[in-house]
file input-v5.cif (mmCIF, C-alpha atoms)
data_input
#
loop_
_atom_site.group_PDB
_atom_site.id
_atom_site.type_symbol
_atom_site.label_atom_id
_atom_site.label_comp_id
_atom_site.auth_asym_id
_atom_site.auth_seq_id
_atom_site.Cartn_x
_atom_site.Cartn_y
_atom_site.Cartn_z
ATOM 1 C CA MET A 118 35.888 -78.192 145.263
ATOM 2 C CA ALA A 119 36.779 -81.830 144.893
ATOM 3 C CA GLY A 120 34.498 -84.355 146.597
ATOM 4 C CA THR A 121 31.480 -82.045 146.952
ATOM 5 C CA SER A 122 28.384 -81.897 144.803
ATOM 6 C CA PHE A 123 26.020 -79.030 144.231
ATOM 7 C CA VAL A 124 22.329 -79.626 144.938
ATOM 8 C CA SER A 125 19.944 -76.814 144.067
ATOM 9 C CA PRO A 126 17.891 -75.428 146.971
ATOM 10 C CA GLY A 127 14.625 -76.729 145.438
ATOM 11 C CA ARG A 128 16.000 -80.218 145.012
ATOM 12 C CA ARG A 129 17.547 -80.124 148.493
ATOM 13 C CA THR A 130 14.126 -79.312 149.972
ATOM 14 C CA LEU A 131 12.552 -82.161 148.001
ATOM 15 C CA LEU A 132 15.237 -84.585 149.122
ATOM 16 C CA LYS A 133 14.781 -83.572 152.758
ATOM 17 C CA THR A 134 11.018 -83.937 152.416
ATOM 18 C CA ILE A 135 11.236 -87.498 151.086
ATOM 19 C CA GLY A 136 13.966 -88.329 153.584
ATOM 20 C CA ALA A 137 16.706 -89.102 151.070
ATOM 21 C CA GLY A 138 20.294 -88.038 151.436
ATOM 22 C CA ALA A 139 21.400 -85.336 149.040
ATOM 23 C CA ALA A 140 24.578 -87.178 148.124
ATOM 24 C CA GLY A 141 22.765 -90.360 147.094
ATOM 25 C CA LEU A 142 20.124 -88.747 144.864
ATOM 26 C CA ALA A 143 21.752 -85.540 143.707
ATOM 27 C CA VAL A 144 22.632 -87.064 140.357
ATOM 28 C CA LEU A 145 19.105 -88.295 139.512
ATOM 29 C CA PRO A 146 17.147 -85.907 137.289
ATOM 30 C CA LEU A 147 13.674 -84.976 138.542
ATOM 31 C CA ALA A 148 12.345 -84.038 135.114
ATOM 32 C CA PRO A 149 13.370 -84.826 131.550
ATOM 33 C CA PRO A 150 15.898 -82.397 130.101
ATOM 34 C CA ALA A 151 14.414 -79.348 128.364
ATOM 35 C CA HIS A 152 15.834 -80.472 125.021
ATOM 36 C CA ALA A 153 14.067 -83.882 125.198
ATOM 37 C CA ALA A 154 11.405 -84.149 122.518
ATOM 38 C CA VAL A 155 7.921 -85.180 123.603
ATOM 39 C CA PRO A 156 5.753 -86.507 120.788
ATOM 40 C CA ALA A 157 2.864 -84.043 120.371
ATOM 41 C CA ALA A 158 0.378 -86.560 119.027
ATOM 42 C CA ALA A 159 0.825 -88.904 121.983
ATOM 43 C CA SER A 160 -0.191 -86.244 124.521
ATOM 44 C CA LEU A 161 -3.315 -84.934 122.786
ATOM 45 C CA LEU A 162 -6.790 -86.264 123.422
ATOM 46 C CA PRO A 163 -9.208 -86.724 120.543
ATOM 47 C CA GLU A 164 -11.240 -83.674 119.584
ATOM 48 C CA PRO A 165 -14.658 -83.652 121.303
ATOM 49 C CA PRO A 166 -17.720 -83.864 119.082
ATOM 50 C CA GLN A 167 -19.081 -80.497 117.985
ATOM 51 C CA HIS A 168 -22.592 -81.370 119.174
ATOM 52 C CA VAL A 169 -22.888 -83.303 122.403
ATOM 53 C CA PRO A 170 -26.119 -85.280 122.526
ATOM 54 C CA PRO A 171 -28.280 -84.579 125.611
ATOM 55 C CA LEU A 172 -28.059 -87.067 128.450
ATOM 56 C CA LEU A 173 -31.623 -86.374 129.564
ATOM 57 C CA ASP A 174 -34.912 -86.069 127.758
ATOM 58 C CA ARG A 175 -37.935 -84.190 129.063
ATOM 59 C CA ARG A 176 -39.496 -87.351 130.530
ATOM 60 C CA LYS A 177 -36.389 -88.042 132.644
ATOM 61 C CA VAL A 178 -36.302 -84.419 133.790
ATOM 62 C CA ASP A 179 -39.975 -84.568 134.813
ATOM 63 C CA VAL A 180 -39.377 -87.775 136.800
ATOM 64 C CA ALA A 181 -36.451 -86.124 138.611
ATOM 65 C CA LEU A 182 -38.511 -82.999 139.328
ATOM 66 C CA ALA A 183 -41.234 -85.096 140.951
ATOM 67 C CA GLY A 184 -38.849 -86.084 143.742
ATOM 68 C CA LEU A 185 -36.882 -82.861 144.003
ATOM 69 C CA ASP A 186 -38.755 -81.310 146.965
ATOM 70 C CA GLY A 187 -38.165 -84.420 149.061
ATOM 71 C CA SER A 188 -34.504 -84.575 148.080
ATOM 72 C CA VAL A 189 -33.906 -80.929 148.972
ATOM 73 C CA ASN A 190 -35.719 -81.240 152.325
ATOM 74 C CA HIS A 191 -33.748 -84.382 153.166
ATOM 75 C CA ALA A 192 -30.450 -82.695 152.267
ATOM 76 C CA MET A 193 -31.298 -79.690 154.438
ATOM 77 C CA GLU A 194 -32.200 -81.911 157.407
ATOM 78 C CA THR A 195 -29.046 -83.993 156.969
ATOM 79 C CA THR A 196 -26.634 -81.079 156.618
ATOM 80 C CA GLY A 197 -28.308 -78.475 158.838
ATOM 81 C CA VAL A 198 -28.294 -75.875 156.079
ATOM 82 C CA PRO A 199 -31.015 -73.346 156.999
ATOM 83 C CA GLY A 200 -32.125 -72.617 153.434
ATOM 84 C CA VAL A 201 -31.438 -72.989 149.741
ATOM 85 C CA ALA A 202 -32.758 -71.724 146.436
ATOM 86 C CA VAL A 203 -33.126 -74.303 143.680
ATOM 87 C CA ALA A 204 -33.737 -73.810 139.978
ATOM 88 C CA VAL A 205 -33.879 -76.342 137.164
ATOM 89 C CA VAL A 206 -33.347 -75.153 133.612
ATOM 90 C CA TYR A 207 -33.838 -77.503 130.699
ATOM 91 C CA ARG A 208 -33.273 -76.427 127.102
ATOM 92 C CA ASP A 209 -33.237 -72.734 128.026
ATOM 93 C CA GLN A 210 -36.552 -72.969 129.897
ATOM 94 C CA VAL A 211 -36.941 -72.618 133.685
ATOM 95 C CA LEU A 212 -38.937 -75.669 134.713
ATOM 96 C CA TYR A 213 -38.611 -75.307 138.469
ATOM 97 C CA SER A 214 -37.741 -72.465 140.811
ATOM 98 C CA ARG A 215 -38.323 -72.574 144.562
ATOM 99 C CA GLY A 216 -36.845 -71.355 147.834
ATOM 100 C CA PHE A 217 -36.591 -73.605 150.869
ATOM 101 C CA GLY A 218 -36.101 -72.624 154.502
ATOM 102 C CA VAL A 219 -34.758 -69.355 155.837
ATOM 103 C CA ARG A 220 -31.912 -67.065 154.797
ATOM 104 C CA GLU A 221 -30.201 -67.230 158.161
ATOM 105 C CA ALA A 222 -30.674 -69.622 161.082
ATOM 106 C CA GLY A 223 -32.780 -68.040 163.797
ATOM 107 C CA ARG A 224 -34.125 -65.304 161.526
ATOM 108 C CA PRO A 225 -37.603 -65.276 159.956
ATOM 109 C CA GLU A 226 -36.682 -64.144 156.390
ATOM 110 C CA LYS A 227 -37.567 -66.943 153.974
ATOM 111 C CA VAL A 228 -35.437 -67.949 150.997
ATOM 112 C CA ASP A 229 -37.176 -67.009 147.780
ATOM 113 C CA PRO A 230 -36.667 -68.504 144.331
#
call {"tool": "encode", "arguments": {"input": "input-v5.cif", "output": "C-alpha cells"}}
result
Amino acid sequence: MAGTSFVSPGRRTLLKTIGAGAAGLAVLPLAPPAHAAVPAAASLLPEPPQHVPPLLDRRKVDVALAGLDGSVNHAMETTGVPGVAVAVVYRDQVLYSRGFGVREAGRPEKVDP
C-alpha cells in the first residue's frame, strides 16, 4: 500500500480530539519507546523521615477547640447542611466529640456525637 500510513485507532482518536490531521502527526511518537532507559534515581523522591514531628502541640489544639463550635455553626449556616458530627482526636485521646443539628432536614432526630 504505497502512499498510505497506518495510524492506530487510539492515536487516530487522539489526533481527532486535538484537531490534527493523521497524516501530519502519524510519525510523531506519543511516548518514549519501551526500550528507552529511564534513570531510576532521577525519578525517586527522597525517603521520608521515619518519625514525623507533630505540627501541633496541645496548646495550639486547645486554641483551635475554643473556636470550633462557632466554626461548625458558621459552616452549617453557609452550606445548608442540616447536621454534622465532629470529633477531635489528639495523641490517641478524644478531646472533643459533639453532634450539631439534625440528621435529616425537616425531621426532629438530633445528630449525636
call {"tool": "residues_around", "arguments": {"input": "input-v5.cif", "residues": "region 197-202 of chain A", "least_positions_apart": "3", "cutoff": "12 Å", "atoms": "all atoms listed in the file", "output": "list of chain:residue names"}}
result
A:Asp186, A:Val189, A:Asn190, A:His191, A:Ala192, A:Met193, A:Glu194, A:Val205, A:Tyr213, A:Ser214, A:Arg215, A:Gly216, A:Phe217, A:Gly218, A:Val219, A:Arg220, A:Glu221, A:Ala222, A:Gly223, A:Arg224, A:Pro225, A:Glu226, A:Lys227, A:Val228, A:Asp229, A:Pro230
call {"tool": "residues_around", "arguments": {"input": "input-v5.cif", "residues": "Leu212 (chain A)", "least_positions_apart": "6", "cutoff": "12 Å", "atoms": "only C-alpha atoms", "output": "PyMOL selection string"}}
result
chain A and resi 175+178-179+181-183+185+203-206
call {"tool": "atom_distance", "arguments": {"input": "input-v5.cif", "atom1": "CA of Leu172 (chain A)", "atom2": "CA of Asp209 (chain A)"}}
result
15.2 Å
call {"tool": "axis_aligned_box", "arguments": {"input": "input-v5.cif", "around": "region 176-191 of chain A", "padding_each_side": "5 Å", "output": "AutoDock Vina command-line options"}}
result
--center_x -37.5 --center_y -84.5 --center_z 141.8 --size_x 17.5 --size_y 17.1 --size_z 32.6
call {"tool": "atom_distance", "arguments": {"input": "input-v5.cif", "atom1": "CA of Tyr207 (chain A)", "atom2": "CA of Asp174 (chain A)"}}
result
9.1 Å
call {"tool": "atom_distance", "arguments": {"input": "input-v5.cif", "atom1": "CA of Arg208 (chain A)", "atom2": "CA of Ser188 (chain A)"}}
result
22.5 Å
call {"tool": "build_atoms", "arguments": {"input": "input-v5.cif", "residues": "region 157-192 of chain A", "atoms": "N, CA and C atoms", "output": "JSON list (two decimals), in the frame of the given file"}}
result
[["chain", "number", "residue", "atom", "x", "y", "z"],
["A", 157, "ALA", "N", 4.08, -84.84, 120.18],
["A", 157, "ALA", "CA", 2.86, -84.04, 120.37],
["A", 157, "ALA", "C", 1.61, -84.89, 120.22],
["A", 158, "ALA", "N", 1.58, -85.78, 119.27],
["A", 158, "ALA", "CA", 0.38, -86.56, 119.03],
["A", 158, "ALA", "C", 0.06, -87.49, 120.19],
["A", 159, "ALA", "N", 1.06, -87.97, 120.89],
["A", 159, "ALA", "CA", 0.82, -88.90, 121.98],
["A", 159, "ALA", "C", 0.18, -88.23, 123.18],
["A", 160, "SER", "N", 0.32, -86.91, 123.33],
["A", 160, "SER", "CA", -0.19, -86.24, 124.52],
["A", 160, "SER", "C", -1.55, -85.59, 124.30],
["A", 161, "LEU", "N", -2.05, -85.59, 123.07],
["A", 161, "LEU", "CA", -3.32, -84.93, 122.79],
["A", 161, "LEU", "C", -4.47, -85.92, 122.85],
["A", 162, "LEU", "N", -5.58, -85.46, 123.40],
["A", 162, "LEU", "CA", -6.79, -86.26, 123.42],
["A", 162, "LEU", "C", -7.55, -86.03, 122.12],
["A", 163, "PRO", "N", -8.43, -86.94, 121.77],
["A", 163, "PRO", "CA", -9.21, -86.72, 120.54],
["A", 163, "PRO", "C", -10.11, -85.50, 120.70],
["A", 164, "GLU", "N", -10.39, -84.86, 119.58],
["A", 164, "GLU", "CA", -11.24, -83.67, 119.58],
["A", 164, "GLU", "C", -12.66, -84.08, 119.99],
["A", 165, "PRO", "N", -13.29, -83.30, 120.91],
["A", 165, "PRO", "CA", -14.66, -83.65, 121.30],
["A", 165, "PRO", "C", -15.63, -83.41, 120.15],
["A", 166, "PRO", "N", -16.75, -84.10, 120.15],
["A", 166, "PRO", "CA", -17.72, -83.86, 119.08],
["A", 166, "PRO", "C", -18.25, -82.44, 119.16],
["A", 167, "GLN", "N", -18.59, -81.87, 118.03],
["A", 167, "GLN", "CA", -19.08, -80.50, 117.98],
["A", 167, "GLN", "C", -20.44, -80.37, 118.66],
["A", 168, "HIS", "N", -21.29, -81.39, 118.53],
["A", 168, "HIS", "CA", -22.59, -81.37, 119.17],
["A", 168, "HIS", "C", -22.67, -82.55, 120.14],
["A", 169, "VAL", "N", -22.80, -82.25, 121.40],
["A", 169, "VAL", "CA", -22.89, -83.30, 122.40],
["A", 169, "VAL", "C", -24.36, -83.66, 122.58],
["A", 170, "PRO", "N", -24.72, -84.91, 122.38],
["A", 170, "PRO", "CA", -26.12, -85.28, 122.53],
["A", 170, "PRO", "C", -26.56, -85.14, 123.98],
["A", 171, "PRO", "N", -27.81, -84.75, 124.24],
["A", 171, "PRO", "CA", -28.28, -84.58, 125.61],
["A", 171, "PRO", "C", -28.33, -85.91, 126.35],
["A", 172, "LEU", "N", -28.00, -85.87, 127.63],
["A", 172, "LEU", "CA", -28.06, -87.07, 128.45],
["A", 172, "LEU", "C", -29.47, -87.32, 128.96],
["A", 173, "LEU", "N", -30.27, -86.26, 129.03],
["A", 173, "LEU", "CA", -31.62, -86.37, 129.56],
["A", 173, "LEU", "C", -32.64, -85.93, 128.52],
["A", 174, "ASP", "N", -33.79, -86.57, 128.55],
["A", 174, "ASP", "CA", -34.91, -86.07, 127.76],
["A", 174, "ASP", "C", -35.93, -85.48, 128.73],
["A", 175, "ARG", "N", -36.96, -84.88, 128.21],
["A", 175, "ARG", "CA", -37.94, -84.19, 129.06],
["A", 175, "ARG", "C", -38.61, -85.15, 130.05],
["A", 176, "ARG", "N", -38.87, -86.38, 129.64],
["A", 176, "ARG", "CA", -39.50, -87.35, 130.53],
["A", 176, "ARG", "C", -38.61, -87.62, 131.74],
["A", 177, "LYS", "N", -37.31, -87.79, 131.53],
["A", 177, "LYS", "CA", -36.39, -88.04, 132.64],
["A", 177, "LYS", "C", -36.31, -86.83, 133.56],
["A", 178, "VAL", "N", -36.33, -85.64, 132.99],
["A", 178, "VAL", "CA", -36.30, -84.42, 133.79],
["A", 178, "VAL", "C", -37.56, -84.33, 134.65],
["A", 179, "ASP", "N", -38.72, -84.62, 134.06],
["A", 179, "ASP", "CA", -39.98, -84.57, 134.81],
["A", 179, "ASP", "C", -39.99, -85.58, 135.97],
["A", 180, "VAL", "N", -39.46, -86.77, 135.74],
["A", 180, "VAL", "CA", -39.38, -87.78, 136.80],
["A", 180, "VAL", "C", -38.49, -87.27, 137.93],
["A", 181, "ALA", "N", -37.36, -86.67, 137.59],
["A", 181, "ALA", "CA", -36.45, -86.12, 138.61],
["A", 181, "ALA", "C", -37.10, -84.98, 139.37],
["A", 182, "LEU", "N", -37.84, -84.13, 138.68],
["A", 182, "LEU", "CA", -38.51, -83.00, 139.33],
["A", 182, "LEU", "C", -39.56, -83.46, 140.33],
["A", 183, "ALA", "N", -40.19, -84.58, 140.06],
["A", 183, "ALA", "CA", -41.23, -85.10, 140.95],
["A", 183, "ALA", "C", -40.69, -85.39, 142.35],
["A", 184, "GLY", "N", -39.44, -85.77, 142.45],
["A", 184, "GLY", "CA", -38.85, -86.08, 143.74],
["A", 184, "GLY", "C", -37.93, -85.02, 144.29],
["A", 185, "LEU", "N", -37.86, -83.87, 143.61],
["A", 185, "LEU", "CA", -36.88, -82.86, 144.00],
["A", 185, "LEU", "C", -37.17, -82.24, 145.36],
["A", 186, "ASP", "N", -38.43, -81.91, 145.66],
["A", 186, "ASP", "CA", -38.76, -81.31, 146.96],
["A", 186, "ASP", "C", -38.28, -82.20, 148.11],
["A", 187, "GLY", "N", -38.58, -83.49, 148.01],
["A", 187, "GLY", "CA", -38.16, -84.42, 149.06],
["A", 187, "GLY", "C", -36.66, -84.51, 149.18],
["A", 188, "SER", "N", -35.97, -84.51, 148.06],
["A", 188, "SER", "CA", -34.50, -84.58, 148.08],
["A", 188, "SER", "C", -33.89, -83.34, 148.73],
["A", 189, "VAL", "N", -34.43, -82.17, 148.40],
["A", 189, "VAL", "CA", -33.91, -80.93, 148.97],
["A", 189, "VAL", "C", -34.17, -80.89, 150.47],
["A", 190, "ASN", "N", -35.40, -81.24, 150.89],
["A", 190, "ASN", "CA", -35.72, -81.24, 152.32],
["A", 190, "ASN", "C", -34.84, -82.22, 153.09],
["A", 191, "HIS", "N", -34.62, -83.39, 152.52],
["A", 191, "HIS", "CA", -33.75, -84.38, 153.17],
["A", 191, "HIS", "C", -32.31, -83.86, 153.29],
["A", 192, "ALA", "N", -31.81, -83.24, 152.24],
["A", 192, "ALA", "CA", -30.45, -82.70, 152.27],
["A", 192, "ALA", "C", -30.33, -81.60, 153.32]]
